[in-house]
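The next block is upload-v4.txt, given as compact mmCIF, C-alpha atoms.
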```
# COMPACT_ATOMS: atom_id res chain seq x y z
CA MET A 43 19.88 -77.49 -99.28
CA PRO A 44 17.62 -74.85 -97.66
CA LYS A 45 18.95 -71.33 -97.63
CA ALA A 46 19.85 -69.63 -94.36
CA VAL A 47 16.61 -68.06 -93.18
CA ASP A 48 17.90 -65.22 -90.99
CA ILE A 49 18.63 -61.84 -92.55
CA GLU A 50 20.35 -59.23 -90.38
CA VAL A 51 18.65 -55.87 -89.99
CA GLY A 52 21.34 -53.93 -91.88
CA GLU A 53 21.15 -56.19 -94.94
CA PHE A 54 17.35 -56.20 -94.69
CA LYS A 55 17.31 -52.38 -94.81
CA LYS A 56 19.63 -52.34 -97.85
CA LYS A 57 17.35 -54.73 -99.72
CA LEU A 58 14.36 -52.60 -98.71
CA ASP A 59 16.07 -49.49 -100.09
CA ARG A 60 16.91 -51.26 -103.35
CA GLY A 61 13.30 -52.34 -103.81
CA GLU A 62 14.21 -56.01 -103.44
CA ILE A 63 11.62 -56.67 -100.74
CA SER A 64 8.10 -56.79 -102.09
CA PHE A 65 6.24 -58.99 -99.60
CA LEU A 66 6.22 -58.91 -95.81
CA LEU A 67 4.41 -61.23 -93.41
CA ASP A 68 4.06 -59.58 -90.00
CA MET A 69 3.26 -62.12 -87.26
CA ARG A 70 2.63 -59.71 -84.38
CA GLN A 71 -0.74 -59.16 -82.74
CA GLU A 72 -3.21 -57.04 -84.69
CA GLU A 73 -3.00 -54.05 -82.34
CA GLU A 74 0.80 -53.99 -82.51
CA PHE A 75 0.72 -54.21 -86.29
CA ALA A 76 -1.86 -51.44 -86.48
CA SER A 77 0.20 -49.08 -84.33
CA TRP A 78 3.51 -49.38 -86.24
CA ARG A 79 5.08 -51.47 -88.95
CA ILE A 80 8.08 -51.66 -91.23
CA GLU A 81 8.06 -49.07 -93.98
CA GLY A 82 10.43 -48.38 -96.84
CA GLY A 83 10.96 -45.68 -99.40
CA LYS A 84 8.58 -47.55 -101.70
CA PRO A 85 5.31 -49.31 -100.79
CA VAL A 86 5.71 -52.96 -99.77
CA GLU A 87 2.84 -55.44 -99.80
CA THR A 88 2.37 -56.43 -96.16
CA ILE A 89 -0.06 -58.83 -94.55
CA ASN A 90 -0.67 -59.47 -90.87
CA ILE A 91 -1.26 -63.02 -89.66
CA PRO A 92 -0.78 -63.14 -85.88
CA GLN A 93 1.57 -65.81 -84.59
CA ILE A 94 -1.18 -67.27 -82.39
CA ASP A 95 -3.26 -67.94 -85.53
CA PHE A 96 -0.47 -68.95 -87.91
CA VAL A 97 1.62 -71.41 -85.90
CA GLY A 98 0.29 -74.92 -86.35
CA GLU A 99 -2.35 -73.77 -88.83
CA GLU A 100 -0.08 -72.79 -91.72
CA GLU A 101 -2.07 -74.72 -94.35
CA LYS A 102 -5.00 -72.33 -93.84
CA TYR A 103 -2.92 -69.37 -94.97
CA LEU A 104 -0.64 -70.71 -97.69
CA SER A 105 -2.95 -69.41 -100.42
CA GLN A 106 -2.15 -65.86 -99.23
CA LEU A 107 1.60 -66.35 -99.71
CA PRO A 108 3.34 -65.96 -103.09
CA LYS A 109 5.62 -68.70 -104.37
CA ASP A 110 7.13 -66.55 -107.11
CA ARG A 111 8.51 -63.90 -104.72
CA GLU A 112 10.65 -63.81 -101.63
CA ILE A 113 8.67 -63.64 -98.39
CA PHE A 114 10.14 -61.82 -95.42
CA LEU A 115 8.66 -62.73 -92.05
CA VAL A 116 8.84 -60.57 -88.96
CA CYS A 117 7.72 -61.06 -85.36
CA ALA A 118 8.56 -59.31 -82.09
CA HIS A 119 11.94 -60.90 -81.37
CA GLY A 120 12.74 -63.07 -84.41
CA GLY A 121 12.18 -66.53 -82.95
CA ALA A 122 8.71 -67.34 -84.28
CA SER A 123 9.45 -65.82 -87.69
CA LYS A 124 12.60 -67.93 -88.02
CA TYR A 125 10.69 -71.10 -87.20
CA GLU A 126 8.00 -70.30 -89.74
CA ALA A 127 10.51 -69.26 -92.42
CA GLU A 128 12.23 -72.64 -92.09
CA LEU A 129 8.89 -74.42 -92.33
CA LEU A 130 7.87 -72.41 -95.41
CA GLN A 131 11.21 -73.14 -97.07
CA SER A 132 10.55 -76.85 -96.59
CA LYS A 133 7.29 -76.33 -98.50
CA GLY A 134 9.06 -74.66 -101.41
CA TYR A 135 8.61 -71.00 -100.46
CA GLN A 136 11.42 -68.44 -100.65
CA ALA A 137 11.06 -67.43 -97.01
CA PHE A 138 13.37 -65.41 -94.76
CA SER A 139 13.18 -64.04 -91.23
CA LEU A 140 14.27 -60.65 -89.91
CA ALA A 141 16.85 -61.53 -87.25
CA GLY A 142 15.93 -59.97 -83.92
CA GLY A 143 12.48 -59.04 -85.19
CA MET A 144 10.90 -55.68 -84.52
CA VAL A 145 13.13 -55.16 -81.49
CA ALA A 146 16.17 -55.12 -83.81
CA TRP A 147 14.32 -52.92 -86.29
CA SER A 148 13.40 -50.45 -83.53
CA ILE A 149 17.05 -49.72 -82.66
CA TYR A 150 18.48 -49.55 -86.18
CA TYR A 151 20.11 -46.23 -87.13
CA GLU A 152 21.49 -44.65 -90.28
CA THR A 153 23.73 -41.59 -90.52
CA SER A 154 23.70 -38.98 -93.30
CA ARG A 155 25.87 -35.91 -93.80
CA LEU A 156 24.69 -32.44 -94.70
CA ALA A 157 26.79 -30.93 -97.50
CA GLY A 158 29.11 -28.06 -96.63
CA THR A 159 30.79 -26.91 -93.46
CA PRO A 160 30.76 -27.34 -90.57
CA LEU A 161 30.38 -31.11 -90.52
CA ILE A 162 26.77 -31.94 -89.65
CA GLN A 163 25.84 -35.58 -89.24
CA GLN A 164 22.16 -36.49 -88.94
CA ILE A 165 21.60 -39.80 -87.14
CA TYR A 166 18.17 -41.21 -88.02
CA ARG A 167 16.40 -43.93 -86.03
CA ILE A 168 14.53 -45.68 -88.82
CA ALA A 169 11.62 -47.21 -86.92
CA LYS A 170 10.84 -44.23 -84.69
CA GLY A 171 11.78 -41.24 -86.81
CA CYS A 172 13.99 -39.86 -84.02
CA ILE A 173 16.90 -37.67 -85.12
CA THR A 174 20.17 -36.72 -83.43
CA HIS A 175 22.48 -34.05 -84.83
CA VAL A 176 26.25 -34.10 -84.36
CA VAL A 177 27.99 -30.89 -85.41
CA ILE A 178 31.79 -30.64 -85.59
CA SER A 179 33.93 -27.57 -86.26
CA ASN A 180 37.71 -27.35 -85.91
CA GLY A 181 37.88 -30.37 -83.64
CA GLU A 182 35.07 -29.27 -81.31
CA ALA A 183 31.58 -30.75 -81.34
CA VAL A 184 28.05 -30.32 -80.04
CA VAL A 185 25.30 -32.93 -79.95
CA ILE A 186 21.63 -32.01 -80.12
CA ASP A 187 18.91 -34.38 -78.87
CA ALA A 188 20.99 -37.50 -78.31
CA VAL A 189 19.14 -40.79 -78.59
CA ARG A 190 19.53 -43.45 -75.90
CA HIS A 191 21.98 -45.59 -77.85
CA ILE A 192 24.98 -43.27 -77.76
CA GLU A 193 27.55 -45.65 -79.26
CA GLN A 194 27.17 -44.35 -82.83
CA ILE A 195 27.46 -40.76 -81.58
CA ARG A 196 30.70 -41.51 -79.78
CA ALA A 197 31.99 -43.38 -82.85
CA ILE A 198 31.50 -40.24 -84.96
CA LEU A 199 33.36 -38.14 -82.41
CA THR A 200 36.21 -40.64 -82.25
CA GLY A 201 36.39 -40.96 -86.02
CA GLN A 202 36.65 -37.19 -86.41
CA GLY A 203 39.03 -36.76 -83.48
CA ALA A 204 36.60 -34.24 -82.00
CA ARG A 205 36.14 -33.11 -78.43
CA LEU A 206 32.53 -32.85 -77.33
CA LYS A 207 31.95 -29.39 -75.85
CA TYR A 208 28.16 -29.33 -75.24
CA VAL A 209 25.19 -31.70 -75.22
CA PHE A 210 21.74 -30.12 -75.68
CA ASP A 211 18.24 -31.48 -75.27
CA THR A 212 15.87 -29.10 -77.02
CA HIS A 213 13.03 -30.30 -74.77
CA LEU A 214 11.98 -33.02 -72.36
CA GLN A 215 11.44 -36.00 -74.66
CA ALA A 216 8.28 -38.07 -74.27
CA ASP A 217 8.54 -40.70 -77.00
CA HIS A 218 12.07 -41.96 -76.35
CA ILE A 219 14.73 -42.08 -73.68
CA SER A 220 17.28 -39.30 -74.02
CA GLY A 221 20.94 -40.26 -74.12
CA GLY A 222 21.99 -36.68 -73.41
CA ARG A 223 22.96 -37.01 -69.77
CA GLU A 224 24.80 -40.30 -70.31
CA LEU A 225 26.69 -38.86 -73.28
CA ALA A 226 27.66 -35.69 -71.42
CA GLN A 227 28.90 -37.72 -68.48
CA ALA A 228 30.88 -40.07 -70.70
CA GLU A 229 32.49 -37.17 -72.56
CA ALA A 230 32.90 -34.92 -69.48
CA CYS A 231 31.01 -31.92 -70.85
CA PRO A 232 27.93 -29.89 -69.85
CA TYR A 233 24.40 -31.17 -70.42
CA LEU A 234 21.92 -28.38 -71.15
CA ILE A 235 18.12 -28.25 -71.06
CA CYS A 236 15.62 -25.46 -70.37
CA PRO A 237 14.67 -25.25 -66.66
CA ALA A 238 10.98 -25.07 -67.58
CA ASP A 239 11.25 -28.66 -68.82
CA ALA A 240 13.71 -29.92 -66.22
CA ALA A 241 11.70 -28.80 -63.18
CA GLY A 242 11.89 -31.53 -60.56
CA ALA A 243 14.72 -33.36 -62.29
CA ALA A 244 16.75 -35.70 -60.11
CA TYR A 245 20.05 -34.71 -61.72
CA PRO A 246 22.20 -31.60 -62.16
CA TYR A 247 22.18 -29.79 -65.50
CA GLN A 248 23.23 -26.48 -67.02
CA PRO A 249 20.19 -24.26 -67.69
CA LEU A 250 19.51 -23.46 -71.34
CA ILE A 251 18.25 -19.88 -71.34
CA ASP A 252 16.77 -17.82 -74.18
CA GLY A 253 19.49 -15.73 -75.79
CA ASP A 254 22.41 -17.78 -74.46
CA GLU A 255 25.28 -18.08 -76.94
CA PHE A 256 27.65 -21.02 -77.24
CA THR A 257 30.77 -21.23 -79.36
CA PHE A 258 32.56 -24.30 -80.65
CA GLY A 259 35.24 -24.27 -83.32
CA ALA A 260 34.33 -21.55 -85.81
CA CYS A 261 30.61 -21.78 -85.01
CA SER A 262 28.17 -20.17 -82.64
CA LEU A 263 24.79 -21.33 -81.39
CA THR A 264 22.10 -19.02 -80.04
CA ALA A 265 19.34 -20.44 -77.86
CA LEU A 266 15.84 -19.40 -78.85
CA HIS A 267 13.02 -20.25 -76.45
CA THR A 268 10.24 -21.68 -78.65
CA PRO A 269 7.66 -23.12 -76.23
CA GLY A 270 4.48 -24.93 -77.19
CA HIS A 271 5.36 -28.57 -77.65
CA THR A 272 6.62 -28.27 -74.10
CA PRO A 273 6.94 -25.13 -71.97
CA GLY A 274 10.72 -25.35 -72.19
CA SER A 275 11.04 -26.24 -75.88
CA SER A 276 14.05 -24.44 -77.31
CA SER A 277 15.61 -24.14 -80.74
CA LEU A 278 19.27 -23.52 -81.52
CA LEU A 279 20.23 -21.11 -84.30
CA MET A 280 23.69 -21.82 -85.71
CA ASN A 281 25.60 -18.98 -87.39
CA GLY A 282 22.27 -17.30 -88.16
CA LYS A 283 21.63 -19.87 -90.93
CA ILE A 284 20.57 -23.25 -89.53
CA LEU A 285 17.84 -23.79 -86.95
CA PHE A 286 17.88 -26.99 -84.91
CA SER A 287 14.18 -26.82 -84.11
CA GLY A 288 13.66 -29.83 -81.89
CA ASP A 289 9.96 -30.68 -82.22
CA THR A 290 8.83 -27.08 -82.66
CA ILE A 291 8.79 -27.41 -86.45
CA MET A 292 8.96 -30.67 -88.38
CA GLU A 293 8.72 -31.35 -92.08
CA THR A 294 4.99 -32.10 -92.17
CA THR A 295 3.67 -30.68 -88.90
CA VAL A 296 4.57 -29.03 -85.59
CA GLY A 297 5.02 -30.40 -82.10
CA ARG A 298 1.81 -31.29 -80.29
CA PRO A 299 1.10 -29.26 -77.13
CA ASP A 300 -0.84 -31.84 -75.11
CA LEU A 301 1.73 -34.34 -73.82
CA GLY A 302 1.84 -32.57 -70.46
CA GLY A 303 -1.94 -32.49 -70.16
CA LYS A 304 -2.23 -28.71 -70.68
CA VAL A 305 -3.57 -28.43 -74.22
CA GLU A 306 -5.10 -24.96 -74.06
CA GLU A 307 -2.21 -23.37 -72.19
CA TRP A 308 0.54 -24.92 -74.28
CA ALA A 309 -1.32 -24.37 -77.57
CA LYS A 310 -1.29 -20.64 -76.82
CA LEU A 311 2.45 -20.84 -76.19
CA LEU A 312 2.82 -22.59 -79.55
CA TYR A 313 0.77 -19.88 -81.26
CA ASN A 314 3.08 -17.22 -79.86
CA THR A 315 6.16 -19.15 -80.94
CA ILE A 316 4.97 -19.55 -84.52
CA HIS A 317 3.58 -16.05 -85.01
CA ASN A 318 5.93 -13.98 -82.85
CA ARG A 319 9.09 -15.77 -81.71
CA LEU A 320 9.95 -17.09 -85.19
CA LYS A 321 8.70 -14.05 -87.11
CA PRO A 322 12.07 -12.21 -87.27
CA LEU A 323 13.81 -15.20 -88.82
CA SER A 324 14.46 -15.33 -92.56
CA ASP A 325 12.69 -17.71 -94.92
CA GLU A 326 16.12 -18.91 -96.06
CA ILE A 327 16.99 -20.43 -92.69
CA LEU A 328 17.41 -24.20 -92.92
CA ILE A 329 15.46 -26.22 -90.35
CA LEU A 330 16.83 -29.50 -89.02
CA PRO A 331 14.17 -31.12 -86.81
CA THR A 332 14.40 -33.81 -84.15
CA HIS A 333 11.55 -35.99 -85.39
CA ALA A 334 10.03 -37.15 -88.67
CA ALA A 335 6.70 -38.81 -89.41
CA SER A 336 8.02 -41.25 -91.96
CA VAL A 337 11.14 -42.37 -93.81
CA MET A 338 9.44 -40.81 -96.83
CA GLU A 339 10.44 -37.41 -95.40
CA ARG A 340 14.11 -38.20 -95.99
CA ASP A 341 15.51 -36.75 -99.19
CA GLU A 342 17.82 -38.42 -101.71
CA ASP A 343 20.73 -37.81 -99.35
CA GLY A 344 18.92 -39.44 -96.44
CA LEU A 345 18.33 -36.11 -94.68
CA VAL A 346 15.21 -34.65 -93.08
CA LYS A 347 15.27 -30.90 -93.63
CA LEU A 348 13.27 -27.94 -94.91
CA SER A 349 13.56 -24.18 -95.06
CA LEU A 350 11.61 -21.90 -92.76
CA GLY A 351 10.01 -20.46 -95.88
CA GLU A 352 8.77 -23.91 -96.87
CA ALA A 353 7.32 -24.41 -93.42
CA ARG A 354 5.52 -21.06 -93.64
CA ARG A 355 4.08 -21.93 -97.05
CA THR A 356 3.02 -25.52 -96.38
CA LEU A 357 2.11 -25.88 -92.70
CA PRO A 358 -1.40 -24.61 -91.91
CA HIS A 359 -0.36 -23.44 -88.44
CA PHE A 360 1.43 -20.44 -89.96
CA SER A 361 -1.69 -19.26 -91.80
CA LEU A 362 -3.96 -19.40 -88.74
CA ILE A 363 -3.59 -15.80 -87.59
CA ASP A 364 -6.43 -15.75 -85.05
CA GLN A 365 -5.36 -17.38 -81.79
CA ALA A 366 -8.75 -18.96 -81.10
CA ASP A 367 -8.81 -20.51 -84.59
CA PHE A 368 -5.26 -21.76 -84.06
CA VAL A 369 -6.10 -23.41 -80.74
CA SER A 370 -9.25 -24.95 -82.19
CA TYR A 371 -7.31 -26.36 -85.15
CA VAL A 372 -4.63 -27.76 -82.85
CA LYS A 373 -7.24 -29.57 -80.77
CA SER A 374 -8.77 -31.07 -83.91
CA THR A 375 -5.46 -32.56 -85.07
CA LEU A 376 -4.24 -34.20 -81.87
CA LEU A 377 -3.40 -37.88 -81.96
CA VAL A 378 -3.67 -40.50 -79.23
CA ASN A 379 -1.49 -39.69 -76.21
CA PRO A 380 0.15 -43.00 -75.23
CA ASP A 381 0.17 -43.74 -71.50
CA ARG A 382 3.81 -44.79 -71.70
CA TYR A 383 4.81 -41.25 -72.67
CA GLN A 384 4.21 -40.06 -69.13
CA GLU A 385 6.50 -42.80 -67.85
CA ILE A 386 9.17 -41.86 -70.43
CA ARG A 387 8.99 -38.24 -69.26
CA LYS A 388 9.71 -39.42 -65.72
CA VAL A 389 12.63 -41.53 -66.93
CA ASN A 390 14.04 -38.48 -68.70
CA LEU A 391 13.73 -36.50 -65.47
CA GLY A 392 15.73 -39.17 -63.65
CA LEU A 393 12.74 -40.09 -61.48
CA LEU A 394 12.53 -43.66 -62.78
CA THR A 395 15.33 -46.07 -63.71
CA PRO A 396 13.81 -49.04 -65.60
CA ASP A 397 15.93 -52.01 -66.63
CA GLU A 398 16.94 -52.52 -70.27
CA THR A 399 14.00 -54.78 -71.07
CA HIS A 400 11.50 -52.20 -69.86
CA LEU A 401 13.34 -49.39 -71.65
CA GLN A 402 12.94 -51.33 -74.90
CA GLU A 403 9.23 -51.80 -74.21
CA LEU A 404 8.75 -48.09 -73.52
CA GLU A 405 10.40 -47.08 -76.79
CA ILE A 406 8.65 -49.56 -79.08
CA GLY A 407 6.64 -47.96 -81.88
CA LYS A 408 6.67 -44.76 -83.93
CA ASN A 409 6.95 -41.44 -82.20
CA LEU A 410 3.71 -39.49 -81.81
CA CYS A 411 5.21 -36.14 -80.87
CA GLY A 412 3.52 -34.15 -83.59
CA MET A 413 -0.02 -33.42 -84.67
CA ALA A 414 -1.61 -34.87 -87.77
CA GLY A 415 0.51 -33.56 -90.63
CA LYS A 416 -0.14 -32.01 -94.01
CA ASN A 417 -0.12 -35.48 -95.63
CA SER A 418 -2.34 -36.97 -92.91
CA GLU A 419 0.72 -38.63 -91.40
CA SER A 420 1.61 -38.60 -87.71
CA VAL A 421 4.87 -38.17 -85.91
```
What is this file in structure tokens?
Amino acid sequence: MPKAVDIEVGEFKKKLDRGEISFLLDMRQEEEFASWRIEGGKPVETINIPQIDFVGEEEKYLSQLPKDREIFLVCAHGGASKYEAELLQSKGYQAFSLAGGMVAWSIYYETSRLAGTPLIQQIYRIAKGCITHVVISNGEAVVIDAVRHIEQIRAILTGQGARLKYVFDTHLQADHISGGRELAQAEACPYLICPADAAGAAYPYQPLIDGDEFTFGACSLTALHTPGHTPGSSSLLMNGKILFSGDTIMETTVGRPDLGGKVEEWAKLLYNTIHNRLKPLSDEILILPTHAASVMERDEDGLVKLSLGEARRTLPHFSLIDQADFVSYVKSTLLVNPDRYQEIRKVNLGLLTPDETHLQELEIGKNLCGMAGKNSESV
């Protein structure tokens, strides 16, 4: 009897982590495959045969498929890959289909905990590299850069019996839809963002101003205006030891300054942030960013983190002392600026309200919020 062909995304990810998936057949169009694909902690052999070529012409491609290994098929929504997996099983192949396809993969999250106190949970969106931080101290919580799917955030709060006191967006997101306003409304607490990023917003918010201090439980957060990625980009320094940097500093790069169409102006802001605003901070400060380029940036505990000292030693932006050289380097490392990012920015300002289907389409693919990184990766 043929095996069940569908594998749910959670089980698929576990097998990927255990190294039990060694061959993937991606049936999406070539341009979709080129822009983003499934990646694991270890390299996986992946081939791309578009659905339009494969369906009905399977015999042409069977020589490319192994019979001595499991084959995992993926398409956009899971329907075509299921059909083909069933057909391949009938031909003696060990074939399985990712249920829900890349849509399901794009909204899959994992949560990891930072050791020590207070409780810091890092929620990682596997396909996009988007990160939300939930911090809880003595029954009070803050959330930093909430993703659109807020259910897992609320589940953490409920599980810990914590009251949400503040929701922060470190900047106006361009690669994904923020869940900050929805979360703040659901939990009846303030939503904060820098006015420089929220100009023209169609909703009320509490201004996040440089130097503002916020307390929750036994902790305090100090707002530090760190513009460059956006004019309102802000970081949050907790207890003088942990910096929630948004997209200002990531593990392999820094936030790109061109998403608003003002490369020169914003690059100079970024230069000032890196060489002046962050200068007084100690190398020992731990940075928890909002984006990652790859799952490979997660450590053995599933966390994306680095010290400020590591950033200063490894990111070239810190060694470019001359402003003109810095701006020139920034321009040379910019990636494609997707058209949909401008639409996402409008959604996050409350100026557009797409339906769920269009929201999914806008968020498909890896985030491109950073410049080319030190390992030639992009975020």
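Note that the spacing between CA of Ile198 (chain A) and CA of Phe258 (chain A) amounts to 16.5 Å.
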Given only C-alpha atoms as the basis, pick out the residue of A:Leu410, A:Val305, A:Ile162, A:Leu214 nearest to Val369 (chain A). A:Val305
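If only C-alpha atoms are the atoms counted, then among A:Ile178, A:Leu350, A:Ile329, A:Leu362 the closest residue to His317 (chain A) is A:Leu362.
Residue nearest Val116 (chain A), chosen from A:Lys133, A:Lys207, A:Arg70, A:Lys170 and counting only C-alpha atoms: A:Arg70.
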For Gly82 (chain A), please output as a PyMOL selection string all residues within 10 Å (counting only C-alpha atoms; exclusion window: fewer than 2 positions along the same chain). chain A and resi 55+57-61+63+80+84-86+168+336-338
C-alpha atoms of the current selection, written as a CSV table (one decimal), in the frame of the given file:
```
chain,number,residue,atom,x,y,z
A,55,LYS,CA,17.3,-52.4,-94.8
A,57,LYS,CA,17.4,-54.7,-99.7
A,58,LEU,CA,14.4,-52.6,-98.7
A,59,ASP,CA,16.1,-49.5,-100.1
A,60,ARG,CA,16.9,-51.3,-103.4
A,61,GLY,CA,13.3,-52.3,-103.8
A,63,ILE,CA,11.6,-56.7,-100.7
A,80,ILE,CA,8.1,-51.7,-91.2
A,84,LYS,CA,8.6,-47.6,-101.7
A,85,PRO,CA,5.3,-49.3,-100.8
A,86,VAL,CA,5.7,-53.0,-99.8
A,168,ILE,CA,14.5,-45.7,-88.8
A,336,SER,CA,8.0,-41.2,-92.0
A,337,VAL,CA,11.1,-42.4,-93.8
A,338,MET,CA,9.4,-40.8,-96.8
```
Have a look at CA of Asp341 (chain A) and CA of Leu279 (chain A) and let me know their distance in Å, one decimal. 22.1 Å
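For the set A:Glu50, A:Asp254, A:Glu62, A:Asp364, the residue with the smallest atom-to-atom gap to Lys124 (chain A) is A:Glu50, counting all atoms listed in the file.
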Students should find that CA of Gly221 (chain A) and CA of Val185 (chain A) are spaced 10.3 Å
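When all atoms listed in the file are used to compute distances to Glu352 (chain A), the closest of the residues A:Leu250, A:Leu404, A:Thr295, A:Tyr135 turns out to be A:Thr295.
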Shell of 9 Å around Tyr313 (chain A), all atoms listed in the file, local chain residues under 2 positions omitted, as a compact mmCIF listing (two decimals) with C-alpha atoms, keeping the file's coordinate frame:
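Written out: selection-v8.txt:
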```txt
# COMPACT_ATOMS: atom_id res chain seq x y z
CA GLY A 270 4.48 -24.93 -77.19
CA TRP A 308 0.54 -24.92 -74.28
CA ALA A 309 -1.32 -24.37 -77.57
CA LYS A 310 -1.29 -20.64 -76.82
CA LEU A 311 2.45 -20.84 -76.19
CA THR A 315 6.16 -19.15 -80.94
CA ILE A 316 4.97 -19.55 -84.52
CA HIS A 317 3.58 -16.05 -85.01
CA ASN A 318 5.93 -13.98 -82.85
CA HIS A 359 -0.36 -23.44 -88.44
CA PHE A 360 1.43 -20.44 -89.96
CA LEU A 362 -3.96 -19.40 -88.74
CA ILE A 363 -3.59 -15.80 -87.59
CA GLN A 365 -5.36 -17.38 -81.79
CA PHE A 368 -5.26 -21.76 -84.06
CA VAL A 369 -6.10 -23.41 -80.74
```
Measuring between only C-alpha atoms, which one of A:Gly121, A:Pro160, A:Gly171, A:Gly412 shows the shortest distance to Ser148 (chain A)? A:Gly171
Kindly add N, CA and C atoms to the incomplete region 283-294 of chain A and provide the output as a PDB file, in the coordinates of the input.
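Saved the output as rebuild-v8.pdb:
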```pdb
ATOM      1  N   LYS A 283      22.042 -19.239 -89.671  1.00  0.00           N
ATOM      2  CA  LYS A 283      21.630 -19.870 -90.930  1.00  0.00           C
ATOM      3  C   LYS A 283      20.886 -21.187 -90.770  1.00  0.00           C
ATOM      4  N   ILE A 284      21.171 -21.926 -89.712  1.00  0.00           N
ATOM      5  CA  ILE A 284      20.570 -23.250 -89.530  1.00  0.00           C
ATOM      6  C   ILE A 284      19.884 -23.293 -88.175  1.00  0.00           C
ATOM      7  N   LEU A 285      18.616 -23.718 -88.177  1.00  0.00           N
ATOM      8  CA  LEU A 285      17.840 -23.790 -86.950  1.00  0.00           C
ATOM      9  C   LEU A 285      17.589 -25.256 -86.588  1.00  0.00           C
ATOM     10  N   PHE A 286      18.179 -25.677 -85.467  1.00  0.00           N
ATOM     11  CA  PHE A 286      17.880 -26.990 -84.910  1.00  0.00           C
ATOM     12  C   PHE A 286      16.613 -26.800 -84.080  1.00  0.00           C
ATOM     13  N   SER A 287      15.481 -27.229 -84.629  1.00  0.00           N
ATOM     14  CA  SER A 287      14.180 -26.820 -84.110  1.00  0.00           C
ATOM     15  C   SER A 287      13.588 -27.769 -83.081  1.00  0.00           C
ATOM     16  N   GLY A 288      14.270 -28.862 -82.776  1.00  0.00           N
ATOM     17  CA  GLY A 288      13.660 -29.830 -81.890  1.00  0.00           C
ATOM     18  C   GLY A 288      12.359 -30.319 -82.490  1.00  0.00           C
ATOM     19  N   ASP A 289      11.279 -30.293 -81.694  1.00  0.00           N
ATOM     20  CA  ASP A 289       9.960 -30.680 -82.220  1.00  0.00           C
ATOM     21  C   ASP A 289       9.080 -29.460 -82.507  1.00  0.00           C
ATOM     22  N   THR A 290       9.641 -28.272 -82.419  1.00  0.00           N
ATOM     23  CA  THR A 290       8.830 -27.080 -82.660  1.00  0.00           C
ATOM     24  C   THR A 290       8.308 -27.053 -84.084  1.00  0.00           C
ATOM     25  N   ILE A 291       9.191 -27.306 -85.055  1.00  0.00           N
ATOM     26  CA  ILE A 291       8.790 -27.410 -86.450  1.00  0.00           C
ATOM     27  C   ILE A 291       9.372 -28.690 -87.024  1.00  0.00           C
ATOM     28  N   MET A 292       8.521 -29.472 -87.688  1.00  0.00           N
ATOM     29  CA  MET A 292       8.960 -30.670 -88.380  1.00  0.00           C
ATOM     30  C   MET A 292       8.634 -30.503 -89.862  1.00  0.00           C
ATOM     31  N   GLU A 293       8.915 -31.517 -90.648  1.00  0.00           N
ATOM     32  CA  GLU A 293       8.720 -31.350 -92.080  1.00  0.00           C
ATOM     33  C   GLU A 293       7.242 -31.280 -92.473  1.00  0.00           C
ATOM     34  N   THR A 294       6.391 -32.044 -91.775  1.00  0.00           N
ATOM     35  CA  THR A 294       4.990 -32.100 -92.170  1.00  0.00           C
ATOM     36  C   THR A 294       4.029 -31.578 -91.112  1.00  0.00           C
TER      37      THR A 294
END
```
